[in-house]
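**Q** Structure file run-v6.txt (compact mmCIF, C-alpha atoms) right here:
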# COMPACT_ATOMS: atom_id res chain seq x y z
CA MET A 1 89.70 99.46 139.84
CA PRO A 2 89.77 98.93 136.08
CA ASP A 3 91.11 95.58 134.87
CA GLU A 4 93.79 97.16 132.70
CA GLU A 5 95.29 98.88 135.72
CA ILE A 6 95.38 95.69 137.79
CA GLN A 7 97.41 93.96 135.10
CA THR A 8 99.73 96.94 134.87
CA ILE A 9 100.73 96.47 138.52
CA ASP A 10 102.31 93.10 137.70
CA ARG A 11 104.81 94.72 135.37
CA PRO A 12 108.21 96.03 136.43
CA GLN A 13 107.47 99.50 135.09
CA ALA A 14 104.76 99.93 137.70
CA ALA A 15 107.38 100.14 140.43
CA ARG A 16 107.62 103.85 139.75
CA THR A 17 103.93 104.40 140.49
CA VAL A 18 103.19 101.84 143.21
CA PRO A 19 104.75 102.16 146.68
CA PRO A 20 106.87 99.13 147.67
CA GLN A 21 104.54 98.20 150.51
CA ALA A 22 101.56 98.14 148.16
CA ARG A 23 103.17 96.08 145.43
CA PRO A 24 102.23 92.54 146.59
CA ALA A 25 98.99 91.48 144.98
CA ALA A 26 96.72 88.50 145.22
CA PRO A 27 97.51 85.66 142.84
CA ALA A 28 95.70 85.73 139.53
CA ARG A 29 92.35 83.94 139.61
CA PRO A 30 91.96 81.06 137.15
CA GLN A 31 89.80 81.91 134.17
CA PRO A 32 86.72 79.76 133.36
CA THR A 33 87.55 77.04 130.85
CA TRP A 34 84.85 78.24 128.48
CA LEU A 35 86.14 81.81 128.33
CA GLY A 36 88.96 81.32 125.80
CA PRO A 37 86.89 79.53 123.11
CA VAL A 38 83.95 81.93 123.53
CA LEU A 39 86.30 84.91 123.28
CA ILE A 40 87.76 83.58 120.03
CA VAL A 41 84.26 83.19 118.58
CA GLY A 42 83.35 86.67 119.80
CA ILE A 43 86.47 88.25 118.31
CA VAL A 44 85.88 86.60 114.93
CA LEU A 45 82.20 87.59 114.82
CA ALA A 46 82.98 91.15 115.91
CA ALA A 47 85.65 91.49 113.21
CA LEU A 48 83.26 90.13 110.58
CA ASN A 49 80.90 93.00 111.42
CA LEU A 50 83.40 95.87 111.27
CA ARG A 51 82.84 96.71 107.58
CA PRO A 52 79.53 95.30 106.19
CA ALA A 53 77.68 98.42 107.38
CA ILE A 54 79.89 100.39 104.98
CA THR A 55 80.45 98.06 102.02
CA SER A 56 76.84 96.83 101.85
CA LEU A 57 75.73 100.47 101.54
CA GLY A 58 78.32 101.08 98.84
CA ALA A 59 76.89 98.24 96.78
CA LEU A 60 73.37 99.74 96.93
CA PHE A 61 74.24 103.40 97.23
CA GLU A 62 72.52 104.52 94.03
CA GLU A 63 69.29 102.77 95.03
CA VAL A 64 69.43 104.27 98.52
CA ARG A 65 70.05 107.77 97.14
CA THR A 66 67.07 107.48 94.81
CA GLY A 67 64.82 105.86 97.41
CA LEU A 68 65.45 108.54 100.04
CA GLY A 69 65.76 111.47 97.63
CA MET A 70 69.24 112.41 98.79
CA SER A 71 70.95 115.42 97.32
CA GLY A 72 74.49 115.12 96.04
CA THR A 73 75.77 117.01 99.08
CA VAL A 74 74.08 114.65 101.52
CA ALA A 75 75.31 111.64 99.57
CA GLY A 76 78.84 112.99 99.74
CA LEU A 77 78.45 113.53 103.49
CA ILE A 78 77.43 109.91 104.00
CA THR A 79 80.51 108.64 102.16
CA SER A 80 82.76 110.66 104.48
CA VAL A 81 80.94 109.77 107.70
CA PRO A 82 82.72 106.43 108.38
CA ALA A 83 86.20 107.89 108.78
CA LEU A 84 84.83 110.83 110.76
CA CYS A 85 82.92 108.55 113.16
CA PHE A 86 85.94 106.27 113.56
CA ALA A 87 88.03 109.28 114.56
CA VAL A 88 85.50 110.96 116.87
CA PHE A 89 84.08 107.94 118.70
CA GLY A 90 87.40 106.10 118.83
CA VAL A 91 88.72 108.81 121.18
CA THR A 92 86.12 107.83 123.78
CA ALA A 93 87.18 104.17 123.91
CA PRO A 94 89.96 104.50 126.55
CA ARG A 95 87.70 106.34 129.00
CA LEU A 96 84.84 103.87 128.49
CA SER A 97 87.25 100.94 128.79
CA ARG A 98 88.59 102.22 132.12
CA ARG A 99 85.06 102.77 133.42
CA PHE A 100 83.32 99.60 132.25
CA GLY A 101 86.07 97.26 131.02
CA PRO A 102 86.96 96.51 127.38
CA ALA A 103 84.73 93.43 127.07
CA ALA A 104 81.63 95.33 128.19
CA VAL A 105 82.36 98.19 125.77
CA VAL A 106 82.85 95.79 122.84
CA CYS A 107 79.56 94.11 123.77
CA ALA A 108 77.82 97.50 123.77
CA GLY A 109 79.58 98.39 120.51
CA MET A 110 78.27 95.27 118.81
CA ALA A 111 74.78 96.04 120.13
CA ALA A 112 75.04 99.56 118.66
CA VAL A 113 76.10 98.10 115.29
CA ALA A 114 73.12 95.74 115.32
CA ALA A 115 70.66 98.46 116.40
CA GLY A 116 71.83 100.86 113.69
CA LEU A 117 71.60 98.20 110.99
CA LEU A 118 68.12 97.20 112.18
CA ILE A 119 66.85 100.79 112.20
CA ARG A 120 68.49 102.01 108.99
CA PRO A 121 66.31 100.14 106.44
CA PHE A 122 63.12 101.46 108.03
CA THR A 123 64.03 105.14 107.84
CA HIS A 124 62.19 107.35 105.36
CA ASN A 125 64.49 110.34 105.03
CA ALA A 126 68.17 111.09 104.71
CA ALA A 127 68.49 112.46 108.26
CA GLY A 128 67.14 109.28 109.85
CA PHE A 129 69.30 107.13 107.61
CA LEU A 130 72.38 109.15 108.52
CA ALA A 131 71.60 108.94 112.27
CA ALA A 132 71.13 105.16 112.14
CA SER A 133 74.33 104.79 110.14
CA ALA A 134 76.20 106.92 112.69
CA LEU A 135 74.95 104.65 115.51
CA SER A 136 76.39 101.60 113.77
CA LEU A 137 79.62 103.41 112.96
CA ALA A 138 80.01 104.52 116.58
CA GLY A 139 79.83 100.88 117.65
CA ILE A 140 82.33 99.93 114.97
CA ALA A 141 84.70 102.70 116.12
CA LEU A 142 84.71 101.46 119.71
CA THR A 143 85.24 97.86 118.64
CA ASN A 144 87.99 98.90 116.20
CA VAL A 145 89.96 100.41 119.08
CA LEU A 146 89.31 97.75 121.71
CA LEU A 147 89.75 94.48 119.81
CA PRO A 148 93.58 94.85 119.94
CA VAL A 149 93.20 95.44 123.68
CA ILE A 150 91.11 92.28 124.08
CA VAL A 151 93.75 90.31 122.18
CA LYS A 152 96.62 91.77 124.22
CA ARG A 153 94.90 91.11 127.53
CA TRP A 154 93.52 87.60 127.07
CA PHE A 155 95.99 86.25 124.49
CA PRO A 156 99.31 87.98 125.36
CA ASP A 157 101.41 85.09 124.03
CA ARG A 158 99.43 84.84 120.77
CA VAL A 159 99.14 88.46 119.66
CA GLY A 160 100.23 87.72 116.08
CA THR A 161 97.98 84.68 115.64
CA MET A 162 94.89 86.30 117.14
CA THR A 163 95.43 89.57 115.29
CA GLY A 164 95.79 87.57 112.09
CA LEU A 165 92.53 85.76 112.78
CA CYS A 166 90.82 89.07 113.54
CA SER A 167 92.21 90.76 110.43
CA MET A 168 91.26 87.81 108.23
CA ALA A 169 87.69 87.91 109.54
CA LEU A 170 87.55 91.67 108.93
CA ALA A 171 88.76 91.23 105.33
CA LEU A 172 86.29 88.40 104.80
CA GLY A 173 83.38 90.49 106.10
CA THR A 174 84.41 93.40 103.89
CA SER A 175 84.63 91.26 100.77
CA LEU A 176 81.49 89.28 101.53
CA ALA A 177 79.32 92.35 101.99
CA ALA A 178 80.67 93.95 98.81
CA ALA A 179 80.18 90.85 96.69
CA ALA A 180 76.97 89.37 98.12
CA THR A 181 74.74 92.36 98.87
CA VAL A 182 73.46 92.93 95.32
CA PRO A 183 72.77 89.23 94.54
CA MET A 184 71.03 88.76 97.89
CA THR A 185 68.96 91.89 97.31
CA SER A 186 67.83 90.56 93.93
CA ALA A 187 67.05 87.13 95.39
CA LEU A 188 64.99 88.68 98.21
CA GLY A 189 62.77 90.79 95.99
CA GLY A 190 64.97 93.65 94.85
CA SER A 191 64.33 96.16 97.66
CA TRP A 192 67.43 97.93 98.96
CA ARG A 193 65.83 97.97 102.39
CA THR A 194 65.80 94.17 102.53
CA GLY A 195 69.33 93.99 101.14
CA LEU A 196 70.66 96.21 103.94
CA LEU A 197 68.55 94.56 106.65
CA VAL A 198 70.16 91.16 106.03
CA TRP A 199 73.43 92.36 107.55
CA ALA A 200 71.68 93.21 110.82
CA VAL A 201 71.21 89.47 111.39
CA LEU A 202 74.98 88.89 111.41
CA ALA A 203 75.43 91.81 113.81
CA VAL A 204 72.81 90.46 116.24
CA VAL A 205 74.58 87.08 116.25
CA ALA A 206 77.87 88.87 117.05
CA VAL A 207 76.39 90.31 120.26
CA LEU A 208 75.63 86.89 121.77
CA PRO A 209 79.14 85.62 122.71
CA TRP A 210 80.04 88.98 124.25
CA LEU A 211 77.20 88.81 126.78
CA PRO A 212 78.77 86.02 128.92
CA VAL A 213 82.28 87.41 128.35
CA ALA A 214 81.24 90.84 129.63
CA ALA A 215 79.46 89.23 132.60
CA ALA A 216 82.58 87.19 133.48
CA ALA A 217 84.78 90.31 133.24
CA ARG A 218 82.38 92.20 135.49
CA ARG A 219 82.49 89.42 138.13
CA GLU A 220 86.30 89.43 137.96
CA LYS A 221 86.33 93.18 138.42
CA ARG A 222 84.09 92.98 141.49
CA ALA A 223 86.26 90.23 143.00
CA ALA A 224 89.40 92.26 142.39
CA ALA A 225 87.83 95.33 143.97
CA SER A 226 87.06 93.37 147.15
CA GLU A 227 90.69 92.30 147.62
CA PRO A 228 93.58 94.40 149.00
CA ALA A 229 95.35 95.91 146.05
CA ALA A 230 97.78 98.64 145.23
CA HIS A 231 96.29 102.03 144.56
CA VAL A 232 96.95 103.17 141.04
CA ARG A 233 95.63 106.32 139.46
CA ALA A 234 92.93 105.85 136.84
CA ASP A 235 95.12 107.49 134.24
CA THR A 236 98.08 105.15 134.77
CA GLY A 237 99.82 104.68 131.45
CA PRO A 238 102.13 106.46 129.09
CA LYS A 239 101.60 110.05 127.98
CA ILE A 240 100.94 109.02 124.43
CA VAL A 241 101.70 112.34 122.76
CA ARG A 242 105.30 112.15 123.96
CA SER A 243 105.98 108.97 122.02
CA ARG A 244 107.58 109.21 118.56
CA THR A 245 106.54 105.63 117.90
CA ALA A 246 102.89 106.49 118.65
CA TRP A 247 102.99 109.39 116.21
CA ALA A 248 104.71 107.25 113.55
CA LEU A 249 102.10 104.55 114.03
CA ALA A 250 99.21 107.02 113.87
CA CYS A 251 100.50 108.63 110.67
CA TYR A 252 101.24 105.21 109.14
CA PHE A 253 97.69 104.18 110.01
CA GLY A 254 96.34 107.34 108.37
CA LEU A 255 98.27 106.89 105.12
CA GLN A 256 97.40 103.21 104.76
CA ALA A 257 93.73 104.05 105.42
CA THR A 258 93.95 106.80 102.79
CA GLY A 259 95.24 104.29 100.23
CA ALA A 260 92.56 101.75 101.14
CA TYR A 261 89.69 104.25 100.86
CA ILE A 262 91.04 105.57 97.56
CA THR A 263 91.31 102.04 96.21
CA MET A 264 87.81 101.06 97.31
CA GLY A 265 86.30 104.29 96.00
CA TRP A 266 88.15 104.87 92.74
CA LEU A 267 89.81 101.68 91.44
CA PRO A 268 86.79 100.50 89.42
CA GLN A 269 86.53 103.93 87.78
CA ILE A 270 90.23 103.85 86.85
CA PHE A 271 89.73 100.53 85.10
CA ARG A 272 86.49 101.62 83.40
CA ASP A 273 88.12 104.78 82.07
CA ALA A 274 90.85 102.54 80.59
CA GLY A 275 88.26 100.57 78.62
CA VAL A 276 87.56 97.72 81.04
CA SER A 277 83.88 96.74 81.26
CA ALA A 278 81.91 97.71 84.37
CA SER A 279 81.38 94.08 85.42
CA THR A 280 85.06 93.24 85.04
CA ALA A 281 86.05 96.38 86.94
CA GLY A 282 83.87 95.23 89.81
CA VAL A 283 85.48 91.80 89.79
CA LEU A 284 88.94 93.41 89.80
CA LEU A 285 88.02 95.39 92.91
CA ALA A 286 86.77 92.19 94.54
CA VAL A 287 90.11 90.53 93.70
CA THR A 288 91.94 93.41 95.37
CA MET A 289 89.83 93.08 98.50
CA VAL A 290 89.96 89.27 98.64
CA MET A 291 93.75 89.37 98.75
CA GLY A 292 93.37 90.64 102.28
CA VAL A 293 91.79 87.40 103.51
CA PRO A 294 94.80 85.04 103.45
CA LEU A 295 97.43 87.76 103.90
CA ALA A 296 95.58 89.19 106.90
CA PHE A 297 96.41 85.95 108.68
CA VAL A 298 99.94 85.50 107.36
CA ILE A 299 101.26 89.04 107.95
CA PRO A 300 100.40 89.38 111.68
CA ASN A 301 101.86 85.93 112.39
CA LEU A 302 105.05 86.88 110.56
CA ALA A 303 105.21 90.28 112.27
CA GLY A 304 104.70 88.71 115.68
CA ARG A 305 107.85 86.59 115.19
CA MET A 306 110.03 89.53 114.17
CA LYS A 307 111.66 92.08 116.46
CA ASN A 308 111.58 94.76 113.76
CA GLN A 309 108.63 94.86 111.36
CA GLY A 310 109.96 97.65 109.13
CA ALA A 311 110.87 95.19 106.35
CA ILE A 312 107.22 94.17 106.03
CA ALA A 313 106.15 97.81 105.72
CA VAL A 314 108.75 98.37 103.00
CA THR A 315 107.68 95.26 101.07
CA LEU A 316 103.99 96.21 101.16
CA GLY A 317 104.82 99.74 100.02
CA VAL A 318 106.91 98.49 97.09
CA PHE A 319 104.02 96.30 95.93
CA GLY A 320 101.82 99.40 95.93
CA LEU A 321 104.37 101.47 94.01
CA VAL A 322 104.59 98.81 91.30
CA GLY A 323 100.79 98.57 91.16
CA TYR A 324 100.24 102.31 90.77
CA THR A 325 103.02 102.53 88.18
CA GLY A 326 101.35 99.77 86.21
CA LEU A 327 98.00 101.55 86.40
CA HIS A 328 99.70 104.66 85.03
CA PHE A 329 101.33 103.04 81.99
CA ALA A 330 99.14 100.01 81.13
CA PRO A 331 95.91 100.06 83.16
CA ALA A 332 93.93 97.67 80.94
CA ALA A 333 96.69 95.39 79.66
CA GLY A 334 97.92 94.46 83.13
CA ALA A 335 94.68 95.01 85.03
CA TRP A 336 94.71 91.69 86.89
CA ALA A 337 98.33 92.08 87.96
CA TRP A 338 97.78 95.63 89.21
CA ALA A 339 94.68 94.55 91.16
CA LEU A 340 96.66 91.77 92.85
CA LEU A 341 99.59 94.04 93.68
CA LEU A 342 97.36 96.72 95.19
CA GLY A 343 95.53 94.04 97.16
CA VAL A 344 98.84 93.02 98.72
CA SER A 345 99.76 96.64 99.42
CA ASN A 346 96.45 97.27 101.20
CA CYS A 347 97.38 94.58 103.71
CA ALA A 348 99.20 97.30 105.63
CA PHE A 349 96.04 97.35 107.77
CA PRO A 350 96.63 93.98 109.52
CA LEU A 351 100.26 95.01 109.94
CA VAL A 352 99.39 98.26 111.71
CA ILE A 353 96.84 96.52 113.95
CA THR A 354 99.54 94.02 114.93
CA LEU A 355 101.98 96.85 115.65
CA ILE A 356 99.48 98.42 118.03
CA GLY A 357 99.62 95.26 120.13
CA LEU A 358 103.42 95.00 119.91
CA ARG A 359 104.38 98.60 120.62
CA ALA A 360 102.82 98.71 124.11
CA LYS A 361 103.58 96.50 127.11
CA SER A 362 100.37 96.72 129.11
CA PRO A 363 96.64 96.60 128.31
CA ALA A 364 96.43 100.23 129.51
CA GLY A 365 99.13 101.19 127.02
CA VAL A 366 97.48 99.24 124.20
CA VAL A 367 94.10 100.91 124.68
CA LYS A 368 95.70 104.37 124.63
CA LEU A 369 97.85 103.55 121.62
CA SER A 370 94.97 101.97 119.75
CA ALA A 371 92.67 104.95 120.35
CA PHE A 372 95.38 107.47 119.52
CA ALA A 373 96.61 105.74 116.35
CA GLN A 374 93.14 105.07 114.97
CA SER A 375 91.60 108.44 115.84
CA VAL A 376 94.51 110.46 114.44
CA GLY A 377 94.87 108.04 111.53
CA TYR A 378 91.25 108.23 110.43
CA LEU A 379 91.33 112.03 110.63
CA ILE A 380 94.35 111.97 108.31
CA SER A 381 92.51 109.70 105.88
CA ILE A 382 89.41 111.87 105.41
CA PRO A 383 90.74 114.29 102.73
CA GLY A 384 92.42 111.64 100.54
CA PRO A 385 89.50 110.28 98.49
CA LEU A 386 88.03 113.79 98.14
CA LEU A 387 91.37 115.18 96.88
CA ILE A 388 91.76 112.36 94.36
CA GLY A 389 88.24 113.04 93.08
CA ALA A 390 88.97 116.76 92.72
CA LEU A 391 92.23 116.11 90.86
CA TYR A 392 90.49 113.65 88.55
CA GLN A 393 87.73 116.11 87.79
CA HIS A 394 90.00 119.10 87.14
CA SER A 395 92.79 117.29 85.28
CA GLY A 396 90.46 115.20 83.16
CA GLY A 397 92.44 112.00 83.65
CA TRP A 398 94.26 109.73 86.05
CA ASP A 399 97.89 110.74 85.51
CA LEU A 400 98.00 113.32 88.31
CA PRO A 401 95.85 111.36 90.79
CA LEU A 402 97.92 108.19 90.27
CA THR A 403 101.13 110.17 90.77
CA LEU A 404 99.79 111.46 94.08
CA MET A 405 98.64 107.98 95.14
CA ALA A 406 102.09 106.56 94.44
CA GLY A 407 103.76 109.55 96.10
CA LEU A 408 101.86 108.98 99.35
CA LEU A 409 103.45 105.55 99.62
CA ILE A 410 106.92 107.09 100.12
CA PRO A 411 106.14 108.66 103.53
CA GLN A 412 104.00 105.62 104.36
CA ILE A 413 107.04 103.35 103.90
CA ALA A 414 109.24 105.66 106.00
CA LEU A 415 106.66 105.82 108.79
CA GLY A 416 106.25 102.04 108.69
CA VAL A 417 109.99 101.64 109.24
CA LEU A 418 109.83 104.00 112.24
CA ALA A 419 106.74 102.30 113.72
CA GLY A 420 108.28 98.88 113.19
CA ARG A 421 111.32 99.49 115.40
CA ASP A 422 111.68 97.22 118.45
CA ARG A 423 110.56 99.61 121.18
CA THR A 424 107.43 100.41 123.17
CA ILE A 425 105.62 103.60 124.05
CA GLU A 426 106.28 102.92 127.74
CA ASP A 427 110.03 102.84 127.08
CA GLU A 428 109.86 106.11 125.17
CA CYS A 429 107.77 108.22 127.51
CA GLY A 430 107.56 106.30 130.78
CA MET A 431 104.62 105.72 133.03
CA ARG A 432 102.65 108.58 134.52
CA ASP A 433 103.44 109.56 138.09
Give the structure from the file, written as structure tokens.

**A**
Amino acid sequence: MPDEEIQTIDRPQAARTVPPQARPAAPARPQPTWLGPVLIVGIVLAALNLRPAITSLGALFEEVRTGLGMSGTVAGLITSVPALCFAVFGVTAPRLSRRFGPAAVVCAGMAAVAAGLLIRPFTHNAAGFLAASALSLAGIALTNVLLPVIVKRWFPDRVGTMTGLCSMALALGTSLAAAATVPMTSALGGSWRTGLLVWAVLAVVAVLPWLPVAAAARREKRAAASEPAAHVRADTGPKIVRSRTAWALACYFGLQATGAYITMGWLPQIFRDAGVSASTAGVLLAVTMVMGVPLAFVIPNLAGRMKNQGAIAVTLGVFGLVGYTGLHFAPAAGAWAWALLLGVSNCAFPLVITLIGLRAKSPAGVVKLSAFAQSVGYLISIPGPLLIGALYQHSGGWDLPLTLMAGLLIPQIALGVLAGRDRTIEDECGMRD
């Protein structure tokens, strides 16, 4: 029986699915003393590896295009692959988690990230490069979905703190890969292949702590299977599509991801078109991304102490509105201020990851909510950067694109208020019969 289902039995809601005579269960087995510290290390290392595969490529994209002879169409396809992979492979996470357990799937996900990053620099054509990238992105997608589940299951009383730690590590990995890839490439001889290969080392290291964690979870699962236990259907959990909160969270996730991808892809160009030098524009983007490091720890901790997190969503949205307005009227004069404000606004990501852990009661509910919110959300985010690019090209300036970017924050704020309400998906749609 999957681990998530065993934990679900202990909750009052399970009374509707478990016959009274089957409800008594064996007492919880004590966890090994080493498990908690190793899990924390594993979570941090996994989070560090969730974005370098993407941002390291962005830093060397021109060199990779030239080296592999990519056409413009293929290059455009590669830039849209991350969100597509996150949506497609994220859907498979609940089924894999039920079958093998979340720790084993995260371990396999980290191995896939490492394998893809090891293979990618040695490819000699665009198809091979794309396939290796997709392998890494598939591993990232699974880990994206299941890290909130790991936190909810093993650290149920520290969801905010652990989510903050995870989000801070993710922001740090994103910023580090963006800032350090080009200097490291130059220091190691100038080949883009070497510059991309470096990040495979970090991914290989991230696999190591998950090996004993997955083995311990497997032993626990075998022990649980050998004991008398209530029979619960494999699909126990809420019917996610019935939940308004799940839909609000998924759409909020999609809009915040849209804003983040637009910022990462287009902010330097906005500044350069306003007369800011290319080097300064790059630094301004780094400032925007670095803001996520401290706030990624503060926001989940704050959200975890609040019953209703809508106020945080409103505050982050207002920061973004002010930032986009500033970019519209004085992009160069207030460049540093706008970069800081947009960096704060982009911290909606750690908020939404925290909400995934707070809006479900059981590990089974969290894995379904995480997969649903991220898969639907990333699908929503795919057209955004492409639409902004088309508007920029056809309008010849940034007035219309910036108006759209600011306009998207209005529904994002409203959805954040809805997703932040003190309720759970189990309360809204009940447990399956």

**Q** What does the distance from atom CA of A:Gly58 to atom CA of A:Val276 come to in Å, to one decimal?

**A** 20.3 Å

**Q** Would you kindly return, as an MDAnalysis selection string, each protein, DNA or RNA residue with an atom no farther than 12 Å from any atom of stretch 175-184 of chain A, considering all atoms listed in the file and excluding same-chain residues fewer than 3 positions away?

**A** chainID A and resid 48:63 168:172 187:200 202 264 279 282:293 343

**Q** Find the residue from A:Thr161, A:Thr66, A:Thr403, A:Thr424 that sits nearest to A:Leu302; use only C-alpha atoms when measuring.

**A**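 The closest residue to A:Leu302 is A:Thr161.
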
**Q** Which residue is closest to A:Thr263? Choose from A:Val64, A:Leu342, A:Ala414, A:Ala103 and count only C-alpha atoms.

**A**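 For A:Thr263, the nearest of the given residues is A:Leu342.
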
**Q** Report the distance between atom CA of A:Phe253 and atom CA of A:Trp210 in Å, rounded to one decimal place.

**A**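 For atom CA of A:Phe253 relative to atom CA of A:Trp210, the distance reads 27.3 Å.
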
**Q** Of the candidates A:Val298, A:Ile353, A:Ala115, A:Met306, which one gets nearest to A:Ala203 if we count all atoms listed in the file?

**A**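 Using all atoms listed in the file, the shortest distance to A:Ala203 belongs to A:Ala115.
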
**Q** Write out as a PyMOL selection string the residues lying within 10 Å of A:Leu211, counting only C-alpha atoms and excluding same-chain residues fewer than 4 positions away.

**A** chain A and resi 42+103-104+106-108+206-207+215-216

**Q** Show which residues sit within 12 Å of A:Phe100, as a PDB file with C-alpha atoms, in the coordinates of the input. Count all atoms listed in the file, and ignore same-chain residues fewer than 2 positions away.

**A**
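For reference, selection.pdb as written:
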ATOM      1  CA  MET A   1      89.700  99.460 139.840  1.00  0.00           C
ATOM      2  CA  PRO A   2      89.770  98.930 136.080  1.00  0.00           C
ATOM      3  CA  ASP A   3      91.110  95.580 134.870  1.00  0.00           C
ATOM      4  CA  GLU A   4      93.790  97.160 132.700  1.00  0.00           C
ATOM      5  CA  ALA A  93      87.180 104.170 123.910  1.00  0.00           C
ATOM      6  CA  PRO A  94      89.960 104.500 126.550  1.00  0.00           C
ATOM      7  CA  ARG A  95      87.700 106.340 129.000  1.00  0.00           C
ATOM      8  CA  LEU A  96      84.840 103.870 128.490  1.00  0.00           C
ATOM      9  CA  SER A  97      87.250 100.940 128.790  1.00  0.00           C
ATOM     10  CA  ARG A  98      88.590 102.220 132.120  1.00  0.00           C
ATOM     11  CA  PRO A 102      86.960  96.510 127.380  1.00  0.00           C
ATOM     12  CA  ALA A 103      84.730  93.430 127.070  1.00  0.00           C
ATOM     13  CA  ALA A 104      81.630  95.330 128.190  1.00  0.00           C
ATOM     14  CA  VAL A 105      82.360  98.190 125.770  1.00  0.00           C
ATOM     15  CA  VAL A 106      82.850  95.790 122.840  1.00  0.00           C
ATOM     16  CA  CYS A 107      79.560  94.110 123.770  1.00  0.00           C
ATOM     17  CA  ALA A 108      77.820  97.500 123.770  1.00  0.00           C
ATOM     18  CA  ALA A 214      81.240  90.840 129.630  1.00  0.00           C
ATOM     19  CA  ALA A 215      79.460  89.230 132.600  1.00  0.00           C
ATOM     20  CA  ALA A 217      84.780  90.310 133.240  1.00  0.00           C
ATOM     21  CA  ARG A 218      82.380  92.200 135.490  1.00  0.00           C
ATOM     22  CA  ARG A 219      82.490  89.420 138.130  1.00  0.00           C
ATOM     23  CA  LYS A 221      86.330  93.180 138.420  1.00  0.00           C
ATOM     24  CA  ARG A 222      84.090  92.980 141.490  1.00  0.00           C
TER      25      ARG A 222
END

**Q** Pick the closest to A:Pro294 from A:Gly275, A:Pro350, A:Pro82, A:Gly310: which is it, counting all atoms listed in the file?

**A**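 Comparing A:Gly275, A:Pro350, A:Pro82, A:Gly310 against A:Pro294, the winner is A:Pro350.
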
**Q** If I wrap all listed atoms of stretch 343-350 of chain A in a box with edges along x, y and z and add 3 Å on each side, what are its centre and edge lengths in Å to one decimal, as lines of an AutoDock Vina configuration file?

**A**
center_x = 97.6
center_y = 95.2
center_z = 103.3
size_x = 10.2
size_y = 10.3
size_z = 18.4

**Q** Name the residues in contact with A:Gly116 at a cut-off of 7 Å, using all atoms listed in the file, excluding same-chain residues fewer than 6 positions from it; report them as a PyMOL selection string.

**A** chain A and resi 132-133+135-136

**Q** What's the separation between atom CA of A:Ala373 and atom CA of A:Ser345, in Å to one decimal place?

**A**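 That distance, rounded to one decimal, is 19.5 Å.
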
**Q** Which residue, A:Ile410, A:Ala335, A:Ala46, A:Ile388, has the smallest gap to A:Pro209 when you use only C-alpha atoms?

**A**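 Using only C-alpha atoms, the shortest distance to A:Pro209 belongs to A:Ala46.
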